[in-house]
Structures are given as C-alpha cells and as structure tokens.
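Coordinates from final-v1.txt are shown below (compact mmCIF, C-alpha atoms and all ligand atoms).
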```
# COMPACT_ATOMS: atom_id res chain seq x y z
CA MET A 100 -135.28 1.32 17.97
CA SER A 101 -133.86 3.39 15.11
CA GLU A 102 -136.25 5.12 12.76
CA LYS A 103 -136.34 5.23 9.00
CA VAL A 104 -134.21 8.11 7.70
CA THR A 105 -135.84 10.34 5.09
CA VAL A 106 -134.95 13.66 3.46
CA ARG A 107 -136.84 15.30 6.30
CA THR A 108 -134.63 13.57 8.89
CA ILE A 109 -131.55 14.85 7.09
CA ALA A 110 -132.90 18.41 6.97
CA LYS A 111 -133.79 18.22 10.69
CA LYS A 112 -130.33 16.91 11.63
CA HIS A 113 -128.77 19.72 9.64
CA THR A 114 -130.90 22.33 11.38
CA ALA A 115 -130.00 20.82 14.75
CA GLY A 116 -126.29 20.93 13.85
CA GLU A 117 -125.94 17.13 13.98
CA LYS A 118 -123.38 15.51 11.67
CA ILE A 119 -124.80 13.47 8.81
CA VAL A 120 -123.02 10.13 8.44
CA CYS A 121 -122.86 8.59 4.98
CA VAL A 122 -121.08 5.54 3.60
CA THR A 123 -121.18 3.59 0.36
CA ALA A 124 -122.50 0.03 0.01
CA TYR A 125 -122.76 -2.30 -2.95
CA ASP A 126 -124.33 -5.57 -1.78
CA VAL A 127 -126.20 -7.30 1.05
CA LEU A 128 -123.14 -7.59 3.31
CA SER A 129 -122.04 -3.96 3.05
CA GLY A 130 -125.63 -2.68 3.13
CA SER A 131 -126.59 -4.63 6.25
CA LEU A 132 -123.34 -3.77 8.08
CA ALA A 133 -123.72 -0.06 7.31
CA ASP A 134 -127.40 -0.04 8.23
CA SER A 135 -126.94 -1.85 11.52
CA ALA A 136 -124.07 0.51 12.41
CA GLY A 137 -126.66 3.30 12.28
CA VAL A 138 -125.36 5.47 9.42
CA ASP A 139 -127.84 8.04 8.12
CA VAL A 140 -127.26 7.64 4.39
CA ILE A 141 -126.10 4.72 2.26
CA LEU A 142 -124.89 5.57 -1.23
CA VAL A 143 -124.75 2.91 -3.91
CA GLY A 144 -121.86 4.78 -5.47
CA ASP A 145 -120.37 4.44 -8.92
CA SER A 146 -117.14 3.84 -6.97
CA LEU A 147 -118.35 0.25 -7.34
CA GLY A 148 -116.52 0.47 -10.68
CA ASN A 149 -113.25 0.80 -8.74
CA VAL A 150 -113.71 -1.12 -5.52
CA VAL A 151 -115.98 -3.94 -6.68
CA LEU A 152 -115.34 -4.31 -10.41
CA GLY A 153 -111.64 -3.39 -10.49
CA HIS A 154 -111.75 -0.54 -13.04
CA GLU A 155 -109.33 2.40 -12.92
CA THR A 156 -112.14 4.96 -13.27
CA THR A 157 -115.91 5.11 -12.80
CA HIS A 158 -116.49 5.60 -16.55
CA GLY A 159 -117.37 1.98 -17.31
CA VAL A 160 -120.21 1.79 -14.78
CA GLU A 161 -123.63 1.46 -16.45
CA LEU A 162 -127.07 2.37 -15.13
CA GLU A 163 -127.86 -1.38 -15.06
CA ASP A 164 -124.81 -1.98 -12.81
CA ILE A 165 -126.05 0.58 -10.27
CA ALA A 166 -129.60 -0.82 -10.43
CA TYR A 167 -128.33 -4.40 -9.95
CA HIS A 168 -126.19 -3.56 -6.89
CA LEU A 169 -128.89 -1.24 -5.56
CA GLY A 170 -131.32 -4.18 -5.60
CA ALA A 171 -129.09 -6.12 -3.21
CA VAL A 172 -128.58 -3.11 -0.92
CA VAL A 173 -132.34 -2.40 -0.84
CA ARG A 174 -132.95 -5.96 0.39
CA SER A 175 -130.51 -5.45 3.27
CA VAL A 176 -131.33 -1.96 4.54
CA LYS A 177 -134.11 -1.04 6.97
CA ASN A 178 -133.38 2.46 8.25
CA ALA A 179 -130.72 4.32 6.29
CA PHE A 180 -131.71 6.71 3.50
CA LEU A 181 -130.76 5.09 0.20
CA VAL A 182 -129.11 7.21 -2.49
CA ALA A 183 -128.08 5.82 -5.88
CA ASP A 184 -125.36 7.33 -8.05
CA MET A 185 -126.22 8.30 -11.61
CA PRO A 186 -123.34 6.85 -13.62
CA PHE A 187 -121.31 8.54 -16.35
CA GLY A 188 -123.39 8.93 -19.52
CA SER A 189 -126.78 8.55 -17.83
CA TYR A 190 -127.56 12.27 -17.41
CA GLN A 191 -125.09 14.31 -19.48
CA SER A 192 -126.84 14.10 -22.87
CA SER A 193 -130.25 15.63 -22.12
CA VAL A 194 -132.72 16.55 -19.42
CA GLY A 195 -135.03 13.77 -20.62
CA ALA A 196 -132.29 11.14 -20.35
CA ALA A 197 -131.47 12.36 -16.84
CA VAL A 198 -135.08 12.11 -15.67
CA ASP A 199 -135.50 8.65 -17.26
CA ALA A 200 -132.33 7.37 -15.56
CA ALA A 201 -133.35 8.78 -12.18
CA VAL A 202 -136.83 7.25 -12.50
CA GLU A 203 -135.26 3.86 -13.28
CA LEU A 204 -133.15 4.03 -10.12
CA VAL A 205 -136.17 4.92 -8.00
CA LYS A 206 -138.05 1.96 -9.51
CA ALA A 207 -135.06 -0.16 -8.43
CA GLY A 208 -135.43 1.10 -4.84
CA ALA A 209 -133.45 4.36 -4.59
CA GLU A 210 -134.90 7.10 -2.37
CA ALA A 211 -132.74 9.77 -3.99
CA VAL A 212 -130.12 10.04 -6.72
CA LYS A 213 -126.71 11.71 -6.82
CA LEU A 214 -125.14 13.33 -9.85
CA GLU A 215 -121.90 15.22 -10.41
CA GLY A 216 -121.39 18.82 -11.52
CA ALA A 217 -123.47 21.82 -12.49
CA TYR A 218 -126.24 19.96 -14.34
CA THR A 219 -128.75 22.41 -12.99
CA GLU A 220 -131.53 21.86 -15.56
CA GLU A 221 -131.23 18.12 -15.07
CA ILE A 222 -131.30 18.47 -11.27
CA ALA A 223 -134.37 20.75 -11.43
CA ALA A 224 -136.21 18.34 -13.75
CA ILE A 225 -135.45 15.30 -11.54
CA VAL A 226 -136.58 17.22 -8.45
CA LYS A 227 -139.75 18.23 -10.35
CA ALA A 228 -140.37 14.52 -10.96
CA GLY A 229 -140.47 14.08 -7.18
CA ILE A 230 -137.00 12.59 -6.73
CA PRO A 231 -134.58 14.13 -4.20
CA VAL A 232 -131.16 14.93 -5.67
CA MET A 233 -127.79 14.97 -3.90
CA GLY A 234 -125.29 17.17 -5.75
CA HIS A 235 -121.55 16.52 -5.99
CA VAL A 236 -118.94 19.21 -6.66
CA GLY A 237 -115.17 19.66 -6.37
CA MET A 238 -113.17 16.70 -7.64
CA THR A 239 -115.95 14.85 -9.41
CA PRO A 240 -114.49 11.48 -10.49
CA GLN A 241 -116.52 11.28 -13.72
CA SER A 242 -114.56 14.36 -14.93
CA VAL A 243 -111.16 12.91 -14.06
CA LEU A 244 -110.01 13.15 -17.70
CA ALA A 245 -110.77 16.87 -17.79
CA PHE A 246 -109.01 17.40 -14.43
CA GLY A 247 -105.96 15.39 -15.51
CA GLY A 248 -106.21 13.09 -12.49
CA HIS A 249 -107.80 12.86 -9.04
CA VAL A 250 -106.48 16.27 -8.03
CA VAL A 251 -107.72 18.70 -5.37
CA GLN A 252 -110.10 21.30 -6.85
CA GLY A 253 -110.72 24.88 -5.75
CA LYS A 254 -107.26 25.87 -4.55
CA GLY A 255 -106.69 29.61 -4.18
CA LYS A 256 -108.78 31.74 -6.54
CA ASP A 257 -110.40 28.63 -8.09
CA GLY A 258 -112.35 28.30 -4.84
CA ASP A 259 -114.89 30.88 -6.03
CA ALA A 260 -115.81 28.69 -9.00
CA VAL A 261 -116.45 25.68 -6.75
CA LEU A 262 -118.58 27.82 -4.42
CA SER A 263 -120.53 29.19 -7.38
CA THR A 264 -121.18 25.66 -8.71
CA ALA A 265 -122.32 24.51 -5.27
CA ARG A 266 -124.70 27.47 -5.06
CA LYS A 267 -126.17 26.72 -8.49
CA VAL A 268 -126.65 23.06 -7.58
CA GLN A 269 -128.40 24.09 -4.35
CA ASP A 270 -130.60 26.60 -6.20
CA ALA A 271 -131.55 23.90 -8.72
CA GLY A 272 -133.09 21.97 -5.82
CA ALA A 273 -130.44 19.59 -4.44
CA PHE A 274 -131.17 18.57 -0.82
CA SER A 275 -127.47 18.14 0.00
CA ILE A 276 -124.13 18.45 -1.77
CA VAL A 277 -121.03 16.25 -1.64
CA LEU A 278 -117.79 18.26 -1.56
CA GLU A 279 -114.96 16.02 -2.73
CA LEU A 280 -111.23 16.83 -2.50
CA VAL A 281 -111.50 20.55 -1.90
CA PRO A 282 -109.37 22.52 0.60
CA ALA A 283 -110.82 22.41 4.13
CA VAL A 284 -110.99 26.22 4.29
CA LEU A 285 -113.06 26.33 1.11
CA ALA A 286 -115.35 23.52 2.31
CA ALA A 287 -115.94 25.44 5.56
CA ARG A 288 -116.79 28.57 3.57
CA ILE A 289 -119.19 26.71 1.26
CA THR A 290 -120.83 25.03 4.27
CA LYS A 291 -121.39 28.45 5.88
CA GLU A 292 -122.80 30.00 2.71
CA LEU A 293 -125.19 27.20 1.71
CA THR A 294 -128.48 26.39 3.40
CA VAL A 295 -128.41 22.68 2.44
CA PRO A 296 -125.99 20.29 4.19
CA THR A 297 -122.56 19.67 2.72
CA ILE A 298 -121.19 16.14 2.83
CA GLY A 299 -117.41 16.07 2.74
CA ILE A 300 -114.87 13.57 1.48
CA GLY A 301 -111.36 14.91 1.59
CA ALA A 302 -112.87 18.29 2.47
CA GLY A 303 -111.92 18.75 6.12
CA PRO A 304 -113.89 18.67 9.37
CA GLU A 305 -116.27 21.62 8.87
CA CYS A 306 -118.77 20.01 6.48
CA SER A 307 -122.27 19.16 7.70
CA GLY A 308 -121.50 15.46 7.27
CA GLU A 309 -119.02 12.98 5.87
CA ILE A 310 -119.10 10.28 3.22
CA GLN A 311 -116.53 7.53 2.83
CA VAL A 312 -116.16 4.43 0.70
CA PHE A 313 -117.07 1.25 2.64
CA HIS A 314 -113.80 -0.49 1.73
CA ASP A 315 -111.69 2.45 2.95
CA VAL A 316 -113.45 2.76 6.33
CA LEU A 317 -112.99 -0.96 7.02
CA GLY A 318 -109.40 -1.21 5.81
CA LEU A 319 -110.33 -3.44 2.89
CA SER A 320 -108.70 -1.28 0.22
CA GLU A 321 -105.13 -1.93 -0.90
CA THR A 322 -104.37 1.79 -1.04
CA GLU A 323 -104.77 4.20 1.85
CA TYR A 324 -105.40 7.82 0.89
CA ARG A 325 -104.82 10.97 2.91
CA HIS A 326 -108.59 11.59 3.09
CA THR A 327 -109.44 8.11 4.40
CA ARG A 328 -108.96 6.26 7.68
CA ALA A 329 -109.19 2.51 8.18
CA PHE A 330 -111.16 2.05 11.42
CA VAL A 331 -110.33 -1.66 11.43
CA ALA A 332 -107.60 -3.66 9.65
CA GLY A 333 -110.22 -5.50 7.59
CA ARG A 334 -107.94 -6.78 4.85
CA GLU A 335 -105.48 -8.38 7.30
CA LEU A 336 -108.31 -9.77 9.43
CA LEU A 337 -110.15 -11.39 6.55
CA SER A 338 -106.97 -12.58 4.91
CA SER A 339 -105.75 -14.30 8.09
CA GLY A 340 -109.15 -16.01 8.44
CA LEU A 341 -108.89 -17.36 4.90
CA GLN A 342 -105.28 -18.46 5.47
CA GLU A 343 -106.32 -20.33 8.60
CA TYR A 344 -109.16 -22.03 6.72
CA THR A 345 -106.73 -23.04 3.95
CA ARG A 346 -104.27 -24.46 6.50
CA ALA A 347 -107.01 -26.30 8.42
CA VAL A 348 -108.37 -28.04 5.32
CA ARG A 349 -104.86 -28.98 4.18
CA ASP A 350 -103.75 -30.33 7.57
CA GLY A 351 -107.06 -32.13 8.18
CA THR A 352 -108.16 -30.15 11.27
CA PHE A 353 -111.27 -28.93 9.40
CA PRO A 354 -113.84 -30.31 8.90
CA THR A 355 -114.07 -32.55 11.96
CA GLU A 356 -116.82 -34.89 13.19
CA GLU A 357 -118.49 -31.81 14.72
CA ASN A 358 -118.86 -30.26 11.29
CA SER A 359 -120.32 -33.42 9.81
CA SER A 360 -123.96 -34.29 9.16
O1 LIG B 1 -119.22 6.78 -5.82
C1 LIG B 1 -118.89 7.16 -4.69
O2 LIG B 1 -118.48 6.35 -3.85
C2 LIG B 1 -119.00 8.58 -4.38
C3 LIG B 1 -118.63 9.09 -3.05
C4 LIG B 1 -117.49 8.57 -2.35
C5 LIG B 1 -118.85 10.52 -2.85
O3 LIG B 1 -119.43 9.31 -5.21
```
Entire entry expressed as structure tokens:
Amino acid sequence: MSEKVTVRTIAKKHTAGEKIVCVTAYDVLSGSLADSAGVDVILVGDSLGNVVLGHETTHGVELEDIAYHLGAVVRSVKNAFLVADMPFGSYQSSVGAAVDAAVELVKAGAEAVKLEGAYTEEIAAIVKAGIPVMGHVGMTPQSVLAFGGHVVQGKGKDGDAVLSTARKVQDAGAFSIVLELVPAVLAARITKELTVPTIGIGAGPECSGEIQVFHDVLGLSETEYRHTRAFVAGRELLSSGLQEYTRAVRDGTFPTEENSS
C-alpha cells in the first residue's frame, strides 16, 4: 500500500536520487486519477485559468478559484502531497497579504503553496507561519506581460540571473523549486548547485523531478508543445466515446431494455 507523501518524503527521495513526479489536478476526476497513478505531488495550479476556464493567461485566476478547485482535489486524494498555487495578485502587494493568502489555502486543504519569482520576504514569512513553499523560477507565467510572451528564460548570459533567483528562493526557505522553460544545460547546472530538489517543465532531463499539466500528459489539450508529451490520445478517445453515444441515442440502440429500470 502506498504511503502518504509529505515534505519529508520529498526530501528523502531527493537525497536518494529518486525522481519526484508531479502533475496538476483541478477536480475530483483529475485528482483521483493522478493519486491512484502514484504521483508524488499534485499541484492545483493556476493553469486552471487556461485549461479549465479557457483564459489566455493565468492573470484572471482568483484565490477563491484555487480554493474552490482545491476543495474538490482534497476530497479525491489520499497519498499525494497537495500543493496549491498562489494566484496573481495574492502575494505581490505585501508580506502580510502573502501570508494571509497562504493560510487561506492551507485552511482549504493545501499542504504547501507555490509562488512565482524572487518574493523572498514573502516566502520566508510563509515558511515562518509553518507552511512549506515551492518556488517557481524561469518562465513564470504570471510575468508573461513583462517577458513579452511564453519565451524561454535564461539563455546564454541570462542564465546567471535565473540561477541567482533560484538560490535566493532556496535560501528564503523553499523546499523545492519549479524550473520552467529554461535551457536544459542551465537547469542541470541549477540542479547541481542547489540543495533542494528542482522540478522541471520544459527544462530538460537533469532536474530532480518533473511537473506537467494533467491535460497535456493525457492528450486532452488542443495544442501540443515541445515540452509536453501526450501519453495517451485522450481527446480522440473521449471524443469518439461521445460520438458513439450521440449516434446510439439517435439510432435507438441506446438505451435498451437492459438499461431500463
Ligand atoms: O499552474 C501550473 O500548472 C504550474 C505548473 C505547470 C508548473 O505552475
């Protein structure tokens, strides 16, 4: 039987050189599928703004949205470690606001929170409040306007700045750090230099673990990106099931006597 994953489990896996497997989830279905597959970490990501709510960016996601979806995931997960994303605007204005938002997510069932960028005072204050923090550096989607798009960060000489941010986030107390859309060579270097595990997405194979969006892993997204892989053709599979249902109702082959009360 699998055991409950905690921050200690993650630290132990890192020390033992075992990969840390993370995926996003947003509801009971995705939470229970991810948990029963045996992933280590489930992130209720603000990517829900894109993949669930249909927004272009994550900017419109509110703290209440994360708490609402987190509630459903909490009810479906037994073993995975549950991290909740702090959405845009919930931690940027002050240390107090950041702690209040993190506390709210823990009250809603999160076991840790994730926030983007070098908000070191905020990270330290949340950690001081007893809440584990996952950092996130590189191409941080909440800063997409400043980056001018979802573009790879840390190419060439800019790599030093990403490494320096990752170091600051670690020193502020983060227990792990997501590296998003950074060159694989840089991600490998950061992973070697940090003591906490790095969790890659579009960051090559040398990170301590990997995180992917649920919809991308299962082939449910309309777009396929270079940094993703669909491990099953989910969209086609589900769509053909729905088409068959539609046909069966229309041609009278469903429901039958067997489906009747
Ligand atoms: O919101 C999200 O899904 C994320 C990850 C993919 C890192 O932040």
Task: CA of Leu317 in chain A to CA of Ala171 in chain A, straight-line distance in Å - done: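 Interatomic distance here is 19.8 Å.
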Task: Given only C-alpha atoms as the counted atoms, nearest of A:Asp259, A:Asp199, A:Glu163, A:Glu305 to Ile230 in chain A - done: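 Of the candidates, the smallest distance to Ile230 in chain A is held by A:Asp199.
Restricting the calculation to only C-alpha atoms and all ligand atoms, the smallest distance between ligand LIG 1 (chain B) and any of A:Ile222, A:Val160, A:Ile310, A:Val281 is found for A:Ile310.
CA of Phe180 in chain A lies 11.2 Å from CA of Gly130 in chain A.
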Task: Shell of 6 Å around ligand LIG 1 (chain B) (only C-alpha atoms and all ligand atoms), written as JSON, numbers by chain - done: {"A": [123, 144, 145, 146, 311, 312]}
TODO: Select, counting all atoms listed in the file, all protein, DNA and RNA residues no farther than 9 Å from (-129.8, 3.8, -17.3) in file coordinates, and express the selection as a list in words.
DONE: Glu161, Leu162, Glu163, Asp164, Ile165, Ala166, Met185, Pro186, Gly188, Ser189, Tyr190, Ala196, Ala197, Asp199, Ala200, Ala201, Glu203 and Leu204 of chain A
- [ ] Could you jot down the CA of Cys306 in chain A to CA of Tyr324 in chain A separation for me, Å, one decimal place?
- [x] 18.9 Å
Task: 6 Å contact set for Gly318 in chain A, only C-alpha atoms, chain neighbours under 6 positions out, as an MDAnalysis selection string - done: chainID A and resid 329 331:334
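Restricting the calculation to only C-alpha atoms, the smallest distance between Val138 in chain A and any of A:Leu214, A:Glu309, A:Pro240, A:Ala260 is found for A:Glu309.
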TODO: Please determine the residues with any atom at most 8 Å from (-115.3, 14.1, -7.1) (coordinates as given in the file, with all atoms listed in the file counting) and report them as a count of residues only.
DONE: 13
